[in-house]
Amino acid sequence: MRVSGENRRFLLLQGPHGPFFRQLGHMLTQSGAQVWRVGFNRGDRAFWPDSASYIPFKDSVDAWPQRFSTLIAQLHITDIVLYGDTRPIHAHAVALARKAGIAVHVFEEGYLRPHWVTYERGGSNGNSRLMDLTLAQMQHDLAHSDMDLPDAPARWGDMRQHMFWGALYHWFVLTGFWDYRGYRPHRALTVHQEFLLYCKRLALLPLHRWERVLASFRIKHGGFPYHLVLLQLEHDSSFQNHSPFNTMTDFLAVVMEGFARGAAPHHHLVFKAHPLEDGRVPVAHEIRRLAQKHGVTGRVHFVRGGKLAALLNHARSAVTVNSTAAQQVLWRGLPLKVFGAAVYDKPEFVSSQAIDAFFSHPTRPDSRAYRDYRHYLLETSQVPGGFYSSRGRRELLRQVVDMMLLPDDPYDALTKGSAAPRQQLHIVKG
């Protein structure tokens with residue numbers, strides 16, 4: 001059967017910062033589909049140059065469900081496309097689309113970062129179909145697969161481009177606020193505050209690099225065993241919607257108390273910040289305060305972003321809420337403790353111990369089971385490429401449009417043997 005967009009009508013909502021959705025819409029149009037884009041602020045408008053297919057939404061979020069229902073009926077929409085499924089405008093759209101029998105295409109950052117993007121139908125992260133799939137089901141579907149697995153990359157990829165497009169997007173939103181007065185960010189900060197934080201993060205990159213180098217040097221040459229804590233952004237949707245914590249401080253307090261009670265007195269604890277940490281939450285200050293409170297000040301370290309691989313080389317175990325970076329922990333066969341809902345939280349390779357017991361004697365994962373799980377992801381929802389660099393977008397678009405046009409989602413396509421051919425990822429180092 002020929003892969004075609006004929007008789008398909010796509011409505012794109014909010015996408016990643018930058019030109020990816022514009023390029024995706026162009027290729028869907030070339031496939032024979034009709035495509036429209038809803039814009040909620042001047043940033044969305046700036047990256048969608050085609051006025052004929054652009055639909056501005058300038059009312060308050062309360063008016064969005066009714067407007068969305070009207071749009072999908074008037075335009076006879078068959079598919080909606082969005083980036084992340086938990087922000088209010090997307091959550092409303094997903095619920096209404098399901099009732100109307102409309103396909104929901106969800107993009108997210110890769111579960112296997114940095115060289116992959118996640119593409120699923122219906123939901124991602126805690127709303128992903130992966131949450132309900134057992135390892136036995138995955139192994140059954142992999143029985144006839146013979147794909148060679150690429151090595152796990154160690155570098156993040158297009159982080160600088162990510163920050164650049166984010167700053168540019170918020171600049172457009174800020175300068176065009178008068179045209180979209182009803183727009184409200186899905187995060188607590190104002191657009192002006194978000195823009196300033198992006199600019200501050202870019203300006204401080206050289207200073208933060210030297211802080212990171214010094215902290216990493218002390219850990220590497222300290223000669224002590226240590227456990228690694230993978231921090232996330234407090235405003236990230238996975239933390240806000242799929243974890244038991246209201247704030248990052250709540251998580252830090254639980255981990256610090258567990259370490260003080262359970263870890264051997266000569267062990268250390270290393271907190272690694274998310275690469276996009278921008279200072280809106282005083283993480284470093286809270287870590288110092290809690291370390292002093294529990295009497296472990298000399299054994300606690302904070303590393304501001306950077307590459308994860310070097311820290312994993314000598315770590316005894318790792319702890320996180322539900323960071324996707326934990327996939328690199330499992331790939332290396334290190335013990336892992338998670339607190340929130342995560343697509344990789346399977347009993348075969350994630351510890352169920354209490355946090356103090358985990359720091360005392362962490363159980364090791366079943367590495368063969370994790371290899372099967374990773375193989376399953378690479379055969380289904382993980383697509384080579386990225387949203388922010390031009391090379392990453394080219395790599396992604398070569399494959400993901402065919403996946404979107406197929407009748408089956410990536411998981412059903414593997415089960416039925418109807419998946420589009422998957423290209424191998426050739427990692428270029430340097």
# chains A, B, ... in the order shown; residues from 1 in each chain; ligands from 1

call {"tool": "select_by_dssp", "arguments": {"residues": "region 194-336 of chain A", "states": "alpha helix (DSSP H)", "output": "JSON, numbers by chain"}}
result
{"A": [194, 195, 196, 197, 198, 199, 200, 201, 202, 203, 205, 206, 207, 208, 209, 210, 211, 212, 213, 214, 215, 216, 217, 218, 219, 220, 237, 238, 239, 240, 241, 248, 249, 250, 251, 252, 253, 254, 255, 256, 257, 258, 259, 260, 261, 262, 283, 284, 285, 286, 287, 288, 289, 290, 291, 292, 293, 309, 310, 311, 312, 326, 327, 328, 329, 330, 331]}

call {"tool": "write_last_selection", "arguments": {"atoms": "C-alpha atoms", "output": "mmCIF file, in the first residue's frame"}}
result
data_model
loop_
_atom_site.group_PDB
_atom_site.id
_atom_site.type_symbol
_atom_site.label_atom_id
_atom_site.label_comp_id
_atom_site.auth_asym_id
_atom_site.auth_seq_id
_atom_site.Cartn_x
_atom_site.Cartn_y
_atom_site.Cartn_z
ATOM 1 C CA GLU A 194 11.102 33.168 30.748
ATOM 2 C CA PHE A 195 12.868 35.307 28.144
ATOM 3 C CA LEU A 196 15.237 36.834 30.701
ATOM 4 C CA LEU A 197 16.094 33.392 32.092
ATOM 5 C CA TYR A 198 16.949 32.080 28.605
ATOM 6 C CA CYS A 199 19.187 35.114 27.989
ATOM 7 C CA LYS A 200 20.817 34.759 31.410
ATOM 8 C CA ARG A 201 21.500 31.068 30.774
ATOM 9 C CA LEU A 202 23.154 31.817 27.428
ATOM 10 C CA ALA A 203 25.259 34.653 28.915
ATOM 11 C CA LEU A 205 27.469 29.509 29.789
ATOM 12 C CA PRO A 206 31.245 30.244 30.013
ATOM 13 C CA LEU A 207 31.137 30.753 33.802
ATOM 14 C CA HIS A 208 29.006 27.677 34.366
ATOM 15 C CA ARG A 209 31.379 25.655 32.241
ATOM 16 C CA TRP A 210 34.302 26.451 34.550
ATOM 17 C CA GLU A 211 32.196 25.722 37.632
ATOM 18 C CA ARG A 212 31.292 22.364 36.103
ATOM 19 C CA VAL A 213 34.895 21.554 35.186
ATOM 20 C CA LEU A 214 36.081 22.287 38.721
ATOM 21 C CA ALA A 215 33.308 20.277 40.388
ATOM 22 C CA SER A 216 33.858 17.344 38.030
ATOM 23 C CA PHE A 217 37.619 17.420 38.672
ATOM 24 C CA ARG A 218 37.060 17.192 42.432
ATOM 25 C CA ILE A 219 34.744 14.222 42.015
ATOM 26 C CA LYS A 220 36.949 12.414 39.509
ATOM 27 C CA SER A 237 5.754 18.300 32.604
ATOM 28 C CA SER A 238 7.129 14.909 33.713
ATOM 29 C CA PHE A 239 7.969 16.322 37.140
ATOM 30 C CA GLN A 240 4.753 18.313 37.505
ATOM 31 C CA ASN A 241 2.289 15.717 36.215
ATOM 32 C CA MET A 248 12.142 20.047 43.654
ATOM 33 C CA THR A 249 12.968 20.824 47.295
ATOM 34 C CA ASP A 250 10.586 18.036 48.380
ATOM 35 C CA PHE A 251 12.546 15.556 46.262
ATOM 36 C CA LEU A 252 15.917 16.834 47.464
ATOM 37 C CA ALA A 253 14.812 16.453 51.091
ATOM 38 C CA VAL A 254 13.762 12.821 50.616
ATOM 39 C CA VAL A 255 17.009 11.909 48.865
ATOM 40 C CA MET A 256 19.244 13.708 51.353
ATOM 41 C CA GLU A 257 17.549 12.097 54.352
ATOM 42 C CA GLY A 258 17.768 8.652 52.743
ATOM 43 C CA PHE A 259 21.451 9.137 51.991
ATOM 44 C CA ALA A 260 22.216 10.296 55.539
ATOM 45 C CA ARG A 261 20.432 7.283 57.019
ATOM 46 C CA GLY A 262 21.412 4.529 54.587
ATOM 47 C CA VAL A 283 18.695 24.107 43.649
ATOM 48 C CA ALA A 284 22.331 24.602 44.703
ATOM 49 C CA HIS A 285 21.294 26.594 47.777
ATOM 50 C CA GLU A 286 18.754 23.963 48.827
ATOM 51 C CA ILE A 287 21.311 21.173 48.438
ATOM 52 C CA ARG A 288 23.772 23.008 50.691
ATOM 53 C CA ARG A 289 21.058 23.717 53.267
ATOM 54 C CA LEU A 290 19.824 20.129 53.397
ATOM 55 C CA ALA A 291 23.352 18.705 53.519
ATOM 56 C CA GLN A 292 24.095 20.869 56.543
ATOM 57 C CA LYS A 293 20.809 19.887 58.175
ATOM 58 C CA ALA A 309 28.781 9.868 30.825
ATOM 59 C CA ALA A 310 31.867 10.949 32.795
ATOM 60 C CA LEU A 311 29.929 10.943 36.077
ATOM 61 C CA LEU A 312 28.393 7.544 35.354
ATOM 62 C CA ALA A 326 18.075 7.267 33.675
ATOM 63 C CA GLN A 327 18.107 5.248 30.460
ATOM 64 C CA GLN A 328 21.877 5.785 30.308
ATOM 65 C CA VAL A 329 22.128 4.508 33.882
ATOM 66 C CA LEU A 330 20.325 1.301 32.977
ATOM 67 C CA TRP A 331 22.339 0.873 29.784
#

call {"tool": "residues_around", "arguments": {"residues": "Met404 (chain A)", "least_positions_apart": "4", "cutoff": "8 Å", "atoms": "only C-alpha atoms", "output": "PDB file with N, CA and C atoms, in the first residue's frame"}}
result
ATOM      1  N   HIS A 105      -1.199  12.678  17.314  1.00  0.00           N
ATOM      2  CA  HIS A 105       0.228  12.449  17.118  1.00  0.00           C
ATOM      3  C   HIS A 105       0.992  13.303  18.134  1.00  0.00           C
ATOM      4  N   VAL A 400       9.961  10.244  10.111  1.00  0.00           N
ATOM      5  CA  VAL A 400       8.770  10.331  10.954  1.00  0.00           C
ATOM      6  C   VAL A 400       7.495  10.599  10.168  1.00  0.00           C
ATOM      7  N   ASP A 409      -0.139   2.847  14.996  1.00  0.00           N
ATOM      8  CA  ASP A 409       0.861   3.566  15.783  1.00  0.00           C
ATOM      9  C   ASP A 409       2.130   2.714  15.854  1.00  0.00           C
TER      10      ASP A 409
END

call {"tool": "residues_around", "arguments": {"residues": "Val338 (chain A)", "least_positions_apart": "4", "cutoff": "10 Å", "atoms": "only C-alpha atoms", "output": "list in words"}}
result
Leu230, Ser243, Ala318, Val319, Thr320, Val321, Asn322, Ser323, Ala326, Ala342, Tyr344, Asp345, Val350, Ser351, Ser352, Gln353 and Ile355 of chain A

call {"tool": "atom_distance", "arguments": {"atom1": "CA of Leu334 (chain A)", "atom2": "CA of Leu135 (chain A)"}}
result
18.8 Å

call {"tool": "residues_around", "arguments": {"residues": "region 50-55 of chain A", "least_positions_apart": "3", "cutoff": "6 Å", "atoms": "only C-alpha atoms", "output": "count of residues only"}}
result
3

call {"tool": "atom_distance", "arguments": {"atom1": "CA of Pro19 (chain A)", "atom2": "CA of Val343 (chain A)"}}
result
28.0 Å

call {"tool": "select_by_dssp", "arguments": {"residues": "region 30-187 of chain A", "states": "strand (DSSP E or B)", "output": "ChimeraX atom specification"}}
result
/A:34-39,54-56,79-83,103-109,116-121

call {"tool": "residues_around", "arguments": {"residues": "Gly101 (chain A)", "least_positions_apart": "2", "cutoff": "12 Å", "atoms": "only C-alpha atoms", "output": "PyMOL selection string"}}
result
chain A and resi 72-73+76-80+94-99+103-104+122

call {"tool": "closest_residue", "arguments": {"among": "A:Gly166, A:Gly32, A:Gly222, A:Gly386", "to": "His301 (chain A)", "atoms": "only C-alpha atoms"}}
result
A:Gly222

call {"tool": "atom_distance", "arguments": {"atom1": "CA of His92 (chain A)", "atom2": "CA of Tyr180 (chain A)"}}
result
19.7 Å

call {"tool": "residues_around", "arguments": {"residues": "Gln30 (chain A)", "least_positions_apart": "3", "cutoff": "12 Å", "atoms": "only C-alpha atoms", "output": "PyMOL selection string"}}
result
chain A and resi 3-6+8+23-27+33-35+401-402

call {"tool": "residues_around", "arguments": {"residues": "Asp44 (chain A)", "least_positions_apart": "3", "cutoff": "9 Å", "atoms": "only C-alpha atoms", "output": "mmCIF file with C-alpha atoms, in the first residue's frame"}}
result
data_model
loop_
_atom_site.group_PDB
_atom_site.id
_atom_site.type_symbol
_atom_site.label_atom_id
_atom_site.label_comp_id
_atom_site.auth_asym_id
_atom_site.auth_seq_id
_atom_site.Cartn_x
_atom_site.Cartn_y
_atom_site.Cartn_z
ATOM 1 C CA GLN A 14 2.086 23.952 19.687
ATOM 2 C CA GLY A 15 5.401 22.415 18.736
ATOM 3 C CA HIS A 17 10.724 25.951 19.729
ATOM 4 C CA ARG A 37 -1.591 25.408 12.286
ATOM 5 C CA VAL A 38 -3.203 26.972 15.362
ATOM 6 C CA GLY A 39 -1.078 29.708 16.920
ATOM 7 C CA PHE A 40 -1.516 30.862 20.506
ATOM 8 C CA ASN A 41 1.048 33.677 20.554
ATOM 9 C CA PHE A 47 7.662 30.140 12.826
ATOM 10 C CA TRP A 48 4.670 29.567 10.541
ATOM 11 C CA TYR A 169 10.614 32.172 20.625
ATOM 12 C CA PHE A 172 8.602 36.991 19.734
ATOM 13 C CA VAL A 173 6.031 36.170 22.400
#

call {"tool": "closest_residue", "arguments": {"among": "A:Phe339, A:Tyr373, A:Phe68, A:Tyr388", "to": "Tyr111 (chain A)", "atoms": "only C-alpha atoms"}}
result
A:Tyr373

call {"tool": "closest_residue", "arguments": {"among": "A:Thr297, A:Thr324, A:Gln382, A:Asn246", "to": "Glu234 (chain A)", "atoms": "only C-alpha atoms"}}
result
A:Asn246
